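This report concerns only the one structure given below.
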Amino acid sequence: MWYICLIISAVIIGVSVWNVLPFVKGKNSKSVSVINVLLAGCMSAGVVMFLPIYNEMFAREHVVSRVFKTIFVSAHHVIRMFIVDCDFEFIKNAVPGTDETLYAVYTCVLSLLFVVSPILTFGFLLSFFKNLTAYIKFAACYNKDVFVFSELNEKSEALALSVLENNPSCKVSFINTNDAVMTESIGIRRYRRRTLTFKNVFSVNYKMHNPKKHITFVLLGKDESNNLKLGLDLISRYKDRKNTTLYVFASELEASILISSVDTGNMVVRRVSEPLSLVYNILEKTGEKLFSEAVEIDGNPEKKLISAAVVGLGRYGTEMLKSLSWFGQMEEYRLEINAFDKSENAGTHFCALCPELMDEKHNNKFDDEGESQYNIVIHDGIDADTQKFAEILGNIQKLSYVFVALGDDNKNIRTAVKIRILLEKRNIHPRIQAVVVNNDKISSVSNLTNHSGQSYDIDFVGEVKEFYRVGGIIQSEIEGDALKRHLKWGEEEAFWKYEYNYRSSMASALHRRMKIACGVGGINLAPEERSEEDRQKLRLMEHRRWNAYMRSEGYTYSEKRNNLAKTHHCLVTFDELSEQEKAKDDD
């Protein structure tokens, strides 16, 4: 019995430690406390190890009385052990010394429990009172909107500060953090009375919060797979609660598929792709310059060339290339894009993403006004640090825009400077935008000049404190415009639930702003108030944009629409559409 109990207790301790490892590493989001798991494990192991001692002590009693007393007195002894009211001398005398190995191992394990138990008791009490304080504070904000952030990091801190500044009455809660970490943030420290901390997102039952007040969950952890897992758990738990919004920061396609396939109930759920959001944010803020800085073709002011270069086809570069293909679809503008990447398979990879966008039938075709018009050239296997890159880029005629996204802040800065020097030698001065996320680096290079005081004139985009804010990555003005556009034909629930609707409406709203900026005739009038010429012109332009957008999303033509196969029957020239379909292109 001594050996059996020793083995069982060792297994219990081992399983307890194994189960808390994911929590210690931050890889699990379930509502489980590390202290509680270890406490329960050590108590169970302690009871098992005391069983042989009291079993022998009550050996002469009736079997029922013996079993009853053995179990309960063992439990009582464990309780004493956890409150430092137990003498180890009793253990030494009770464990049989005839078997030296058993005696040594048994007393070692029990001595470990004697030391660990009081520590766990202290940790449990400390945790209990800390959480009790947090629960009281949370109850005190019953009549306030609450923002819950999955962790405190550079990005979530910037977004939380923006939330606190834009909503003076709300409360902000951080998960998986503590007061010591909170005090390290100078920005958050200013709002200490309006912030709470909890062990995990399930420490509080948010269903108990005022149902008329809004709760916004922001899952902005560094591990995107964990963001998604936690998001699905929150949907399962709070989908019936109204006035609840969930932002899941996850860029991968499977995140979109999983979120759109689950029942979100009353929750508004949005997957945030940081690369796509940044590109849309750039186009919303500075997209007008793409047209205003376009170069005249053969001196004709009515015909202009948008010549863009995308350097790096990672997540950001790919999204920018896809977006430029439809964003530049405007009457009187010719669009040409050169993309560079050091991967030998960059071109084939992009063609696999957008097969019909890049095929010979549609790419580099400018002879049909009713079809998308663009020329995309992908230079794969070209490293931005090589002379080959410099030669190709330098030979691009009338280059007006360059986007640099090579996946590293330092490399983006270095490459953008190199491109400016290279093109300046050729008397070409395009607008250059480079992705730089780090706030400190942005501050140091925002007004970059050479030794003569000449500005490199580079626009660094993606700064955390500028991008991760209300009105930036969440609740942007263009998002409101996109929702209004979607409501013309669909329900709001479908706008948030299905990314196809969200992205399509966002692209349409962005392009409408560009039509206004370019002074397209009739754009500010309702369709029925436009002249027939303006109405047909706007319909044709919108169809060209829509064709390019759908192909950038991977859609191809088929006689029958099948969203699962990404096929659509309207991916044809404008003249091939029925009058009913043409009317759908009214802005």
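Identifiers for the structure tokens are assigned positionally: chains receive A, B, ... in sequence, residues are indexed from 1 per chain, and ligands are indexed from 1 in the order shown.
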
Would you please extract all strand (DSSP E) residues from region 113-282 of chain A, as assigned by DSSP on the backbone, and give them as a short mmCIF file (atom, residue, chain, number, x, y, z; two decimals) with N, CA and C atoms, in the first residue's frame?
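The file below, result-v3.cif, is the result:
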```
data_model
loop_
_atom_site.label_atom_id
_atom_site.label_comp_id
_atom_site.auth_asym_id
_atom_site.auth_seq_id
_atom_site.Cartn_x
_atom_site.Cartn_y
_atom_site.Cartn_z
N VAL A 146 -17.24 49.08 -21.14
CA VAL A 146 -15.98 48.42 -20.75
C VAL A 146 -15.26 47.89 -21.98
N PHE A 147 -13.97 48.16 -22.06
CA PHE A 147 -13.10 47.58 -23.08
C PHE A 147 -12.17 46.58 -22.41
N VAL A 148 -12.16 45.36 -22.92
CA VAL A 148 -11.35 44.29 -22.32
C VAL A 148 -10.25 43.89 -23.30
N PHE A 149 -8.99 44.11 -22.92
CA PHE A 149 -7.85 43.78 -23.77
C PHE A 149 -7.21 42.48 -23.29
N LYS A 171 -14.37 52.24 -18.94
CA LYS A 171 -13.35 51.55 -18.17
C LYS A 171 -12.58 50.61 -19.10
N VAL A 172 -11.31 50.41 -18.81
CA VAL A 172 -10.47 49.51 -19.61
C VAL A 172 -9.92 48.42 -18.70
N SER A 173 -10.00 47.19 -19.16
CA SER A 173 -9.53 46.05 -18.38
C SER A 173 -8.45 45.32 -19.17
N PHE A 174 -7.35 44.97 -18.49
CA PHE A 174 -6.27 44.20 -19.10
C PHE A 174 -6.22 42.81 -18.48
N ILE A 175 -6.06 41.82 -19.33
CA ILE A 175 -6.01 40.43 -18.89
C ILE A 175 -4.57 39.94 -18.92
N THR A 195 -8.65 51.81 -15.01
CA THR A 195 -8.16 50.53 -15.54
C THR A 195 -8.24 49.43 -14.49
N LEU A 196 -8.48 48.23 -14.94
CA LEU A 196 -8.57 47.04 -14.09
C LEU A 196 -7.64 45.97 -14.64
N THR A 197 -7.24 45.04 -13.78
CA THR A 197 -6.45 43.89 -14.23
C THR A 197 -7.08 42.61 -13.72
N PHE A 198 -7.06 41.58 -14.55
CA PHE A 198 -7.58 40.26 -14.17
C PHE A 198 -6.62 39.19 -14.63
N ILE A 215 -19.83 46.20 -24.01
CA ILE A 215 -18.57 45.52 -23.67
C ILE A 215 -17.85 45.20 -24.98
N THR A 216 -16.61 45.64 -25.08
CA THR A 216 -15.80 45.40 -26.28
C THR A 216 -14.58 44.58 -25.91
N PHE A 217 -14.47 43.39 -26.48
CA PHE A 217 -13.31 42.54 -26.27
C PHE A 217 -12.32 42.80 -27.40
N VAL A 218 -11.06 43.07 -27.05
CA VAL A 218 -10.02 43.31 -28.05
C VAL A 218 -8.92 42.28 -27.84
N LEU A 219 -8.85 41.30 -28.72
CA LEU A 219 -7.88 40.21 -28.60
C LEU A 219 -6.68 40.55 -29.47
N THR A 244 -22.40 43.82 -27.38
CA THR A 244 -21.09 43.18 -27.19
C THR A 244 -20.37 43.11 -28.53
N THR A 245 -19.13 43.58 -28.54
CA THR A 245 -18.32 43.58 -29.76
C THR A 245 -17.03 42.83 -29.49
N LEU A 246 -16.59 42.06 -30.47
CA LEU A 246 -15.36 41.29 -30.35
C LEU A 246 -14.45 41.58 -31.53
N TYR A 247 -13.24 42.05 -31.25
CA TYR A 247 -12.21 42.25 -32.28
C TYR A 247 -11.16 41.16 -32.10
N VAL A 248 -11.00 40.33 -33.12
CA VAL A 248 -9.99 39.26 -33.08
C VAL A 248 -8.89 39.62 -34.08
N PHE A 249 -7.69 39.89 -33.59
CA PHE A 249 -6.58 40.24 -34.46
C PHE A 249 -5.90 38.96 -34.92
N VAL A 268 -21.28 41.38 -32.18
CA VAL A 268 -20.67 41.89 -33.40
C VAL A 268 -19.21 41.42 -33.38
N VAL A 269 -18.85 40.59 -34.34
CA VAL A 269 -17.52 39.99 -34.37
C VAL A 269 -16.78 40.45 -35.62
N ARG A 270 -15.59 40.95 -35.41
CA ARG A 270 -14.79 41.38 -36.57
C ARG A 270 -13.38 40.82 -36.44
N ARG A 271 -12.95 40.11 -37.46
CA ARG A 271 -11.55 39.69 -37.54
C ARG A 271 -10.76 40.85 -38.12
N VAL A 272 -9.69 41.22 -37.46
CA VAL A 272 -8.86 42.33 -37.93
C VAL A 272 -7.57 41.77 -38.52
#
```

Residue list (alpha helix (DSSP H), DSSP) for region 170-368 of chain A, as a PyMOL selection string
chain A and resi 179-184+186-189+224-238+253-261+274-292+315-327+346-353+355-358

I'd like the contact shell of Arg80 (chain A) - 12 Å cut-off, only C-alpha atoms, skipping same-chain residues fewer than 5 positions apart - returned as an MDAnalysis selection string.
chainID A and resid 43 46:47 73:75 85:88 113:114 117:118 121

Which residues are close to Asp585 (chain A), i.e. within 9 Å by only C-alpha atoms, leaving aside same-chain residues fewer than 3 positions away? Reply as a compact mmCIF listing (two decimals) with N, CA and C atoms, in the first residue's frame.
```txt
# COMPACT_ATOMS: atom_id res chain seq x y z
N LEU A 538 -20.42 56.38 -64.49
CA LEU A 538 -20.16 55.91 -63.12
C LEU A 538 -20.41 54.42 -63.00
N ARG A 539 -21.42 53.92 -63.66
CA ARG A 539 -21.67 52.48 -63.64
C ARG A 539 -20.50 51.72 -64.25
N LEU A 540 -20.01 52.20 -65.38
CA LEU A 540 -18.91 51.54 -66.06
C LEU A 540 -17.65 51.56 -65.18
N MET A 541 -17.37 52.71 -64.57
CA MET A 541 -16.19 52.84 -63.72
C MET A 541 -16.27 51.93 -62.51
N GLU A 542 -17.47 51.86 -61.92
CA GLU A 542 -17.66 51.01 -60.75
C GLU A 542 -17.51 49.53 -61.12
N HIS A 543 -17.98 49.16 -62.30
CA HIS A 543 -17.84 47.77 -62.72
C HIS A 543 -16.38 47.42 -62.97
N TRP A 546 -14.96 46.94 -59.60
CA TRP A 546 -15.46 45.71 -59.00
C TRP A 546 -14.79 44.48 -59.60
N GLU A 581 -28.17 44.06 -63.89
CA GLU A 581 -26.86 44.00 -63.26
C GLU A 581 -26.13 45.33 -63.36
N LYS A 582 -26.31 46.03 -64.47
CA LYS A 582 -25.68 47.35 -64.61
C LYS A 582 -26.20 48.31 -63.55
```

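Note that CA of Gly453 (chain A) and CA of Lys398 (chain A) are 26.2 Å apart.
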
Ile432 (chain A) environment, 8 Å, only C-alpha atoms, sequence neighbours closer than 4 positions dropped, as an MDAnalysis selection string
chainID A and resid 401:404 416 420 457:459

Generate the output file for the selected residues, N, CA and C atoms, as a short mmCIF file (atom, residue, chain, number, x, y, z; two decimals), in the first residue's frame.
```cif
data_model
loop_
_atom_site.label_atom_id
_atom_site.label_comp_id
_atom_site.auth_asym_id
_atom_site.auth_seq_id
_atom_site.Cartn_x
_atom_site.Cartn_y
_atom_site.Cartn_z
N TYR A 401 4.95 56.46 -57.42
CA TYR A 401 4.67 55.98 -56.06
C TYR A 401 5.47 54.72 -55.78
N VAL A 402 6.07 54.64 -54.57
CA VAL A 402 6.83 53.46 -54.15
C VAL A 402 6.38 53.07 -52.74
N PHE A 403 6.09 51.78 -52.56
CA PHE A 403 5.71 51.26 -51.25
C PHE A 403 6.72 50.20 -50.85
N VAL A 404 7.36 50.39 -49.68
CA VAL A 404 8.42 49.49 -49.23
C VAL A 404 7.94 48.72 -48.00
N ALA A 416 14.29 52.36 -48.37
CA ALA A 416 13.59 53.59 -48.81
C ALA A 416 14.59 54.70 -49.09
N ARG A 420 15.40 56.47 -52.73
CA ARG A 420 15.36 57.92 -52.95
C ARG A 420 16.63 58.42 -53.62
N ASP A 457 12.46 63.00 -47.84
CA ASP A 457 11.04 63.07 -48.22
C ASP A 457 10.42 61.66 -48.29
N ILE A 458 10.53 60.93 -47.19
CA ILE A 458 9.97 59.58 -47.10
C ILE A 458 8.86 59.58 -46.07
N ASP A 459 7.74 58.99 -46.44
CA ASP A 459 6.59 58.90 -45.53
C ASP A 459 6.63 57.53 -44.85
#
```

In Å, rounded to a single decimal, give me how far CA of Leu357 (chain A) is from CA of Lys484 (chain A).
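CA of Leu357 (chain A) lies 28.3 Å from CA of Lys484 (chain A).
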
If we count only C-alpha atoms and set the cut-off at 10 Å, which residues sit around Lys441 (chain A), ignoring sequence neighbours fewer than 2 positions away in its own chain? Please answer as number ranges by chain.
A: 409-410, 413, 436-439, 443-446, 460, 463

Tell me, as a PyMOL selection string, which residues lie within 12 Å of Glu424 (chain A), counting only C-alpha atoms; anything in the same chain fewer than 2 positions away does not count.
chain A and resi 394+399+417-422+426-431+454-457

Writer output for current selection, N, CA and C atoms, as a PDB file, in the first residue's frame:
```pdb
ATOM      1  N   GLY A 394      15.259  51.781 -61.681  1.00  0.00           N
ATOM      2  CA  GLY A 394      15.683  53.025 -62.332  1.00  0.00           C
ATOM      3  C   GLY A 394      15.183  53.172 -63.749  1.00  0.00           C
ATOM      4  N   LEU A 399       7.836  56.917 -62.730  1.00  0.00           N
ATOM      5  CA  LEU A 399       7.449  56.313 -61.452  1.00  0.00           C
ATOM      6  C   LEU A 399       6.902  57.387 -60.519  1.00  0.00           C
ATOM      7  N   VAL A 417      15.604  54.834 -48.222  1.00  0.00           N
ATOM      8  CA  VAL A 417      16.651  55.852 -48.442  1.00  0.00           C
ATOM      9  C   VAL A 417      17.430  55.538 -49.711  1.00  0.00           C
ATOM     10  N   LYS A 418      17.760  54.274 -49.896  1.00  0.00           N
ATOM     11  CA  LYS A 418      18.500  53.848 -51.084  1.00  0.00           C
ATOM     12  C   LYS A 418      17.707  54.160 -52.354  1.00  0.00           C
ATOM     13  N   ILE A 419      16.419  53.909 -52.333  1.00  0.00           N
ATOM     14  CA  ILE A 419      15.565  54.169 -53.503  1.00  0.00           C
ATOM     15  C   ILE A 419      15.501  55.664 -53.794  1.00  0.00           C
ATOM     16  N   ARG A 420      15.403  56.475 -52.730  1.00  0.00           N
ATOM     17  CA  ARG A 420      15.361  57.923 -52.945  1.00  0.00           C
ATOM     18  C   ARG A 420      16.635  58.419 -53.617  1.00  0.00           C
ATOM     19  N   ILE A 421      17.786  57.940 -53.134  1.00  0.00           N
ATOM     20  CA  ILE A 421      19.064  58.352 -53.725  1.00  0.00           C
ATOM     21  C   ILE A 421      19.156  57.908 -55.176  1.00  0.00           C
ATOM     22  N   LEU A 422      18.770  56.656 -55.411  1.00  0.00           N
ATOM     23  CA  LEU A 422      18.829  56.091 -56.760  1.00  0.00           C
ATOM     24  C   LEU A 422      17.982  56.881 -57.748  1.00  0.00           C
ATOM     25  N   ARG A 426      18.286  60.153 -61.208  1.00  0.00           N
ATOM     26  CA  ARG A 426      17.601  60.141 -62.508  1.00  0.00           C
ATOM     27  C   ARG A 426      16.542  61.247 -62.601  1.00  0.00           C
ATOM     28  N   ASN A 427      16.601  62.174 -61.649  1.00  0.00           N
ATOM     29  CA  ASN A 427      15.647  63.300 -61.609  1.00  0.00           C
ATOM     30  C   ASN A 427      14.200  62.830 -61.504  1.00  0.00           C
ATOM     31  N   ILE A 428      14.013  61.732 -60.769  1.00  0.00           N
ATOM     32  CA  ILE A 428      12.666  61.215 -60.515  1.00  0.00           C
ATOM     33  C   ILE A 428      12.404  61.342 -59.022  1.00  0.00           C
ATOM     34  N   HIS A 429      11.261  61.909 -58.676  1.00  0.00           N
ATOM     35  CA  HIS A 429      10.978  62.146 -57.251  1.00  0.00           C
ATOM     36  C   HIS A 429       9.571  61.640 -56.900  1.00  0.00           C
ATOM     37  N   PRO A 430       9.387  60.308 -56.870  1.00  0.00           N
ATOM     38  CA  PRO A 430       8.059  59.764 -56.527  1.00  0.00           C
ATOM     39  C   PRO A 430       7.802  59.866 -55.032  1.00  0.00           C
ATOM     40  N   ARG A 431       6.567  59.695 -54.657  1.00  0.00           N
ATOM     41  CA  ARG A 431       6.236  59.608 -53.234  1.00  0.00           C
ATOM     42  C   ARG A 431       6.632  58.215 -52.747  1.00  0.00           C
ATOM     43  N   GLN A 454      19.240  68.266 -46.805  1.00  0.00           N
ATOM     44  CA  GLN A 454      18.213  67.916 -47.791  1.00  0.00           C
ATOM     45  C   GLN A 454      17.331  66.793 -47.236  1.00  0.00           C
ATOM     46  N   SER A 455      16.028  66.962 -47.353  1.00  0.00           N
ATOM     47  CA  SER A 455      15.105  65.955 -46.837  1.00  0.00           C
ATOM     48  C   SER A 455      15.007  64.774 -47.796  1.00  0.00           C
ATOM     49  N   TYR A 456      14.994  63.573 -47.225  1.00  0.00           N
ATOM     50  CA  TYR A 456      14.787  62.385 -48.046  1.00  0.00           C
ATOM     51  C   TYR A 456      13.330  62.253 -48.465  1.00  0.00           C
ATOM     52  N   ASP A 457      12.461  62.998 -47.838  1.00  0.00           N
ATOM     53  CA  ASP A 457      11.039  63.065 -48.215  1.00  0.00           C
ATOM     54  C   ASP A 457      10.420  61.664 -48.293  1.00  0.00           C
TER      55      ASP A 457
END
```

Have a look at A:Ser558, A:Phe124, A:Arg512, A:Ala45 and name the one nearest to Leu112 (chain A); count only C-alpha atoms.
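Answer, going by the shortest atom-to-atom distance: A:Ala45.
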